[in-house]
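Accompanying notes for the structure given below.
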Amino acid sequence: MDKSIPLSTIARGKVIGKTLIKIGANHTKGSIRKMLASNHTHQSIHEQTHEDTAKIIIEALGELKGVSVKIAQQVMLALPFLPQSYQGEISKSFNAIPPINRALIRKIVKQELERYPEEVFERFESTPFGSASLGQVHKGEYWGKTVALKVQYPGIATTITTDMGMVKFMLQRFAKGQNVDHLIEEINQRLFEEVDYTYEAKNLMFFKNNLVHPNIVIPEFYPELSTSKLLGCSYVQGQTFGEFLQSNPTQEERNHYAQILFDTFFISLYRLKAIHADPNPGNFIFMENAQLGLIDFGCIKYVDETFLVRYNALHLSLIDGVEEDTIVRQYAELKMIDFGDVETMRNFYREIIQPLDSIYIGVLRGERYDFGTSYSFSKKGFETILEVQKKQTHSVHKFNQEYLFLNRTLLGYYTIFEQLGAQIDTRSAKTLMRAFQGENHG
């Protein structure tokens with residue numbers, strides 16, 4: 001890996017310290033500009049200060065590289081109350097990690113498998129064909145079969161604690177007094193899972209053995225090529241999302257692949273109680289014979305069954321249009337509303353929670369939903385979550401994070417459907433929901 005990338009605590013600490021000084025200076029500059037400016041320009045100065053601070057953070061992420069980029073992704077998922085300018089700048093850093101050079105790749109494989117790549121594989125491509133969770137992916141020939149070997153960036157795991165310290169300090173400044181400790185802990189947990197490829201291997205095998213869908217292809221796992229820092233799988237041949245769109249697919253083809261993803265989300269949620277929680281287009285391979293490859297199992301969300309029973313009951317109530325007080329009570333049981341007097345709960349629901357209803361239910365109310373004519377749906381959805389959390393700045397940390405996580409993941413899938421301009425049949429999803437309710441109330 002590039003020698004300029006700091007791996008030691010001291011080296012990374014210097015970057016972090018320099019960054020915090022820059023942030024402080026930038027906010028001081030913004031405050032002075034406000035003092036000297038007229039009132040009507042205060043908002044634009046405030047926004048510019050945030051944007052400049054975001055750029056400082058991104059520069060630090062670019063210098064730190066490695067796990068910092070993944071932290072940025074996790075922050076965007078878990079903490080949407082950050083200003084939009086931060087999220088926009090953070091998103092630019094997702095591909096900021098440089099590739100590992102050939103010599104270091106050979107060294108890592110030797111350390112992990114006790115043999116060099118040319119001794120393990122009949123053919124091994126030292127140039128990666130893709131990036132992955134905190135690593136990069138190489139193609140090789142193994143016993144006559146094409147395989148994909150995911151190689152983790154060296155030194156990644158040792159940087160998590162240091163980098164999360166910087167992130168926590170920064171977030172406390174921008175979270176307007178909210179308690180971010182439990183959210184930071186959630187990010188920490190996801191990161192330590194993702195730097196252990198044995199955990200991802202378990203996720204892959206869980207889905208391989210339990211997800212039943214005729215058009216979904218999940219790679220074969222090669223345990224003899226895998227360690228905590230290497231993951232060996234069969235290579236899934238097909239088009240990337242971008243290549244598929246560029247091939248000018250028919251409406252029928254667009255609908256077909258979107259339907260696979262839609263149905264798979266609900267099958268996973270209600271039958272497996274686990275979802276592929278990284279709806280990145282790069283994780284889907286558009287294959288021949290109308291099949292879809294599902295790859296990268298580093299970010300899997302296992303869902304608590306008690307929560308899922310309540311979550312499902314609420315959304316069926318919303319679909320069926322039951323009376324408001326029942327909806328309010330169900331939200332309270334999900335810890336989205338504090339129990340109290342009826343009128344206070346109703347008012348909180350109407351002002352803060354009700355806008356969230358349409359995010360999930362808008363798609364499911366009818367038998368079909370046309371994302372080709374509703375291409376701003378996911379954008380409005382993310383903005384709604386953001387607006388709700390801004391309105392209730394002192395209660396966001398009380399909101400059920402599992403609820404918000406599931407809905408944000410689903411919105412990620414909806415963004416893909418919009419790009420496809422797809423039409424979705426929602427009946428299979430509702431059949432699963434009602435079957436699940438029957439099983440848990442029977």
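Letters A, B, ... go to the chains of the structure tokens in the order shown; residues in each chain start at 1; ligands are counted from 1 in the same order.
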
(message) Could you list, as a PyMOL selection string, every residue within 7 Å of region 293-303 of chain A, counting only C-alpha atoms and ignoring same-chain residues fewer than 2 positions away?
(response) chain A and resi 133+194+200+203-204+216-218+236+273-278+283-287+291+305+308

Keeping C-alpha atoms, export the residues of the selection given above as a compact mmCIF listing (two decimals), in the first residue's frame.
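Result file is out-v4.txt:
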```txt
# COMPACT_ATOMS: atom_id res chain seq x y z
CA SER A 133 -15.64 -3.72 1.67
CA GLU A 194 -16.62 -5.84 8.03
CA GLU A 200 -18.75 -12.09 5.83
CA ASN A 203 -23.22 -14.22 6.01
CA LEU A 204 -22.59 -15.51 2.50
CA ILE A 216 -30.90 -15.18 -7.65
CA VAL A 217 -27.31 -16.44 -7.94
CA ILE A 218 -25.03 -16.32 -4.88
CA VAL A 236 -20.08 -14.20 -11.07
CA LYS A 273 -35.13 -12.13 9.23
CA ALA A 274 -32.02 -10.72 7.61
CA ILE A 275 -31.45 -8.31 4.74
CA HIS A 276 -28.62 -7.48 2.37
CA ALA A 277 -28.28 -3.96 3.76
CA ASP A 278 -25.93 -2.45 1.17
CA ASN A 283 -23.32 -5.45 -5.53
CA PHE A 284 -25.63 -6.73 -8.28
CA ILE A 285 -24.52 -8.57 -11.43
CA PHE A 286 -26.93 -8.75 -14.38
CA MET A 287 -26.45 -12.24 -15.76
CA GLN A 291 -30.60 -14.19 -13.47
CA GLU A 305 -38.16 -11.08 15.56
CA LEU A 308 -40.27 -7.43 13.07
```

(request) Grab the CA of Ala11 (chain A) to CA of Ile56 (chain A) distance for me, in Å with one decimal place. (result)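 Between these atoms lies a distance of 17.7 Å.
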
So that I can check the secondary structure, give me every residue of region 259-297 of chain A assigned strand (DSSP E) by backbone DSSP, as a PDB file with N, CA, C and O atoms, in the first residue's frame.
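Contents of states-v7.pdb, as written:
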```
ATOM      1  N   ALA A 274     -33.318 -11.324   7.898  1.00  0.00           N
ATOM      2  CA  ALA A 274     -32.016 -10.723   7.612  1.00  0.00           C
ATOM      3  C   ALA A 274     -32.102 -10.091   6.229  1.00  0.00           C
ATOM      4  O   ALA A 274     -32.779 -10.622   5.343  1.00  0.00           O
ATOM      5  N   ILE A 275     -31.426  -8.955   6.051  1.00  0.00           N
ATOM      6  CA  ILE A 275     -31.451  -8.313   4.739  1.00  0.00           C
ATOM      7  C   ILE A 275     -30.032  -7.972   4.285  1.00  0.00           C
ATOM      8  O   ILE A 275     -29.152  -7.715   5.094  1.00  0.00           O
ATOM      9  N   HIS A 276     -29.843  -7.994   2.980  1.00  0.00           N
ATOM     10  CA  HIS A 276     -28.623  -7.480   2.367  1.00  0.00           C
ATOM     11  C   HIS A 276     -28.752  -5.963   2.445  1.00  0.00           C
ATOM     12  O   HIS A 276     -29.507  -5.344   1.694  1.00  0.00           O
ATOM     13  N   PHE A 284     -24.701  -5.941  -7.483  1.00  0.00           N
ATOM     14  CA  PHE A 284     -25.627  -6.735  -8.280  1.00  0.00           C
ATOM     15  C   PHE A 284     -25.060  -6.939  -9.680  1.00  0.00           C
ATOM     16  O   PHE A 284     -24.625  -6.002 -10.337  1.00  0.00           O
ATOM     17  N   ILE A 285     -25.059  -8.200 -10.120  1.00  0.00           N
ATOM     18  CA  ILE A 285     -24.521  -8.566 -11.426  1.00  0.00           C
ATOM     19  C   ILE A 285     -25.672  -9.052 -12.315  1.00  0.00           C
ATOM     20  O   ILE A 285     -26.389  -9.999 -11.945  1.00  0.00           O
ATOM     21  N   PHE A 286     -25.833  -8.416 -13.468  1.00  0.00           N
ATOM     22  CA  PHE A 286     -26.931  -8.746 -14.377  1.00  0.00           C
ATOM     23  C   PHE A 286     -26.450  -9.845 -15.328  1.00  0.00           C
ATOM     24  O   PHE A 286     -25.641  -9.607 -16.223  1.00  0.00           O
ATOM     25  N   LEU A 292     -29.868 -12.813 -11.634  1.00  0.00           N
ATOM     26  CA  LEU A 292     -29.204 -11.683 -10.992  1.00  0.00           C
ATOM     27  C   LEU A 292     -28.227 -12.201  -9.947  1.00  0.00           C
ATOM     28  O   LEU A 292     -28.607 -12.960  -9.046  1.00  0.00           O
ATOM     29  N   GLY A 293     -26.960 -11.805 -10.071  1.00  0.00           N
ATOM     30  CA  GLY A 293     -25.954 -12.195  -9.090  1.00  0.00           C
ATOM     31  C   GLY A 293     -25.958 -11.249  -7.912  1.00  0.00           C
ATOM     32  O   GLY A 293     -26.006 -10.024  -8.075  1.00  0.00           O
ATOM     33  N   LEU A 294     -25.914 -11.804  -6.706  1.00  0.00           N
ATOM     34  CA  LEU A 294     -25.886 -11.019  -5.474  1.00  0.00           C
ATOM     35  C   LEU A 294     -24.528 -11.240  -4.822  1.00  0.00           C
ATOM     36  O   LEU A 294     -24.163 -12.373  -4.493  1.00  0.00           O
TER      37      LEU A 294
END
```

(message) For Tyr116 (chain A), find every residue with an atom within 12 Å (counting only C-alpha atoms), except residues of its own chain fewer than 3 positions away, and show them as a VMD selection string.
(response) chain A and resid 102 to 113 119 to 124 126 225

Restricting it to N, CA, C and O atoms, dump the selection as a PDB file, in the first residue's frame.
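That gives us again.pdb:
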```
ATOM      1  N   ARG A 102       1.246  -4.682  -6.583  1.00  0.00           N
ATOM      2  CA  ARG A 102       1.411  -6.111  -6.864  1.00  0.00           C
ATOM      3  C   ARG A 102       2.268  -6.832  -5.819  1.00  0.00           C
ATOM      4  O   ARG A 102       1.927  -7.934  -5.375  1.00  0.00           O
ATOM      5  N   ALA A 103       3.369  -6.191  -5.413  1.00  0.00           N
ATOM      6  CA  ALA A 103       4.276  -6.828  -4.456  1.00  0.00           C
ATOM      7  C   ALA A 103       3.586  -7.075  -3.119  1.00  0.00           C
ATOM      8  O   ALA A 103       3.772  -8.133  -2.492  1.00  0.00           O
ATOM      9  N   LEU A 104       2.767  -6.103  -2.694  1.00  0.00           N
ATOM     10  CA  LEU A 104       2.092  -6.243  -1.407  1.00  0.00           C
ATOM     11  C   LEU A 104       0.979  -7.279  -1.472  1.00  0.00           C
ATOM     12  O   LEU A 104       0.731  -8.011  -0.499  1.00  0.00           O
ATOM     13  N   ILE A 105       0.327  -7.378  -2.624  1.00  0.00           N
ATOM     14  CA  ILE A 105      -0.688  -8.415  -2.815  1.00  0.00           C
ATOM     15  C   ILE A 105      -0.062  -9.803  -2.630  1.00  0.00           C
ATOM     16  O   ILE A 105      -0.596 -10.664  -1.926  1.00  0.00           O
ATOM     17  N   ARG A 106       1.090 -10.027  -3.244  1.00  0.00           N
ATOM     18  CA  ARG A 106       1.785 -11.314  -3.125  1.00  0.00           C
ATOM     19  C   ARG A 106       2.121 -11.600  -1.659  1.00  0.00           C
ATOM     20  O   ARG A 106       1.955 -12.723  -1.172  1.00  0.00           O
ATOM     21  N   LYS A 107       2.568 -10.553  -0.959  1.00  0.00           N
ATOM     22  CA  LYS A 107       2.956 -10.707   0.444  1.00  0.00           C
ATOM     23  C   LYS A 107       1.747 -11.068   1.315  1.00  0.00           C
ATOM     24  O   LYS A 107       1.820 -11.957   2.177  1.00  0.00           O
ATOM     25  N   ILE A 108       0.609 -10.402   1.071  1.00  0.00           N
ATOM     26  CA  ILE A 108      -0.601 -10.663   1.866  1.00  0.00           C
ATOM     27  C   ILE A 108      -1.085 -12.093   1.643  1.00  0.00           C
ATOM     28  O   ILE A 108      -1.404 -12.816   2.590  1.00  0.00           O
ATOM     29  N   VAL A 109      -1.125 -12.511   0.367  1.00  0.00           N
ATOM     30  CA  VAL A 109      -1.572 -13.878   0.060  1.00  0.00           C
ATOM     31  C   VAL A 109      -0.638 -14.899   0.709  1.00  0.00           C
ATOM     32  O   VAL A 109      -1.092 -15.900   1.279  1.00  0.00           O
ATOM     33  N   LYS A 110       0.649 -14.638   0.655  1.00  0.00           N
ATOM     34  CA  LYS A 110       1.634 -15.558   1.279  1.00  0.00           C
ATOM     35  C   LYS A 110       1.424 -15.640   2.786  1.00  0.00           C
ATOM     36  O   LYS A 110       1.451 -16.738   3.380  1.00  0.00           O
ATOM     37  N   GLN A 111       1.200 -14.491   3.425  1.00  0.00           N
ATOM     38  CA  GLN A 111       0.970 -14.475   4.879  1.00  0.00           C
ATOM     39  C   GLN A 111      -0.289 -15.246   5.259  1.00  0.00           C
ATOM     40  O   GLN A 111      -0.313 -15.975   6.255  1.00  0.00           O
ATOM     41  N   GLU A 112      -1.326 -15.106   4.449  1.00  0.00           N
ATOM     42  CA  GLU A 112      -2.627 -15.690   4.790  1.00  0.00           C
ATOM     43  C   GLU A 112      -2.753 -17.159   4.383  1.00  0.00           C
ATOM     44  O   GLU A 112      -3.341 -17.962   5.109  1.00  0.00           O
ATOM     45  N   LEU A 113      -2.216 -17.512   3.218  1.00  0.00           N
ATOM     46  CA  LEU A 113      -2.387 -18.877   2.699  1.00  0.00           C
ATOM     47  C   LEU A 113      -1.101 -19.697   2.744  1.00  0.00           C
ATOM     48  O   LEU A 113      -1.094 -20.868   2.371  1.00  0.00           O
ATOM     49  N   GLU A 119       1.500 -19.977  -6.696  1.00  0.00           N
ATOM     50  CA  GLU A 119       1.558 -21.359  -6.194  1.00  0.00           C
ATOM     51  C   GLU A 119       0.170 -21.895  -5.856  1.00  0.00           C
ATOM     52  O   GLU A 119      -0.040 -23.104  -5.779  1.00  0.00           O
ATOM     53  N   VAL A 120      -0.769 -20.957  -5.639  1.00  0.00           N
ATOM     54  CA  VAL A 120      -2.141 -21.338  -5.278  1.00  0.00           C
ATOM     55  C   VAL A 120      -3.026 -21.446  -6.518  1.00  0.00           C
ATOM     56  O   VAL A 120      -3.813 -22.380  -6.663  1.00  0.00           O
ATOM     57  N   PHE A 121      -2.853 -20.486  -7.436  1.00  0.00           N
ATOM     58  CA  PHE A 121      -3.743 -20.378  -8.601  1.00  0.00           C
ATOM     59  C   PHE A 121      -3.019 -20.775  -9.879  1.00  0.00           C
ATOM     60  O   PHE A 121      -1.806 -20.583 -10.019  1.00  0.00           O
ATOM     61  N   GLU A 122      -3.785 -21.311 -10.822  1.00  0.00           N
ATOM     62  CA  GLU A 122      -3.220 -21.588 -12.146  1.00  0.00           C
ATOM     63  C   GLU A 122      -2.930 -20.285 -12.876  1.00  0.00           C
ATOM     64  O   GLU A 122      -1.989 -20.184 -13.671  1.00  0.00           O
ATOM     65  N   ARG A 123      -3.759 -19.289 -12.611  1.00  0.00           N
ATOM     66  CA  ARG A 123      -3.564 -17.943 -13.158  1.00  0.00           C
ATOM     67  C   ARG A 123      -4.119 -16.950 -12.154  1.00  0.00           C
ATOM     68  O   ARG A 123      -5.165 -17.185 -11.551  1.00  0.00           O
ATOM     69  N   PHE A 124      -3.392 -15.846 -11.943  1.00  0.00           N
ATOM     70  CA  PHE A 124      -3.839 -14.842 -10.968  1.00  0.00           C
ATOM     71  C   PHE A 124      -3.584 -13.447 -11.531  1.00  0.00           C
ATOM     72  O   PHE A 124      -2.461 -13.141 -11.954  1.00  0.00           O
ATOM     73  N   SER A 126      -2.935  -9.760 -10.984  1.00  0.00           N
ATOM     74  CA  SER A 126      -2.491  -8.894  -9.889  1.00  0.00           C
ATOM     75  C   SER A 126      -3.159  -7.522  -9.924  1.00  0.00           C
ATOM     76  O   SER A 126      -3.147  -6.797  -8.932  1.00  0.00           O
ATOM     77  N   LEU A 225      -9.502 -20.860   0.441  1.00  0.00           N
ATOM     78  CA  LEU A 225      -8.915 -19.613  -0.060  1.00  0.00           C
ATOM     79  C   LEU A 225      -9.251 -18.433   0.851  1.00  0.00           C
ATOM     80  O   LEU A 225      -8.980 -17.281   0.501  1.00  0.00           O
TER      81      LEU A 225
END
```
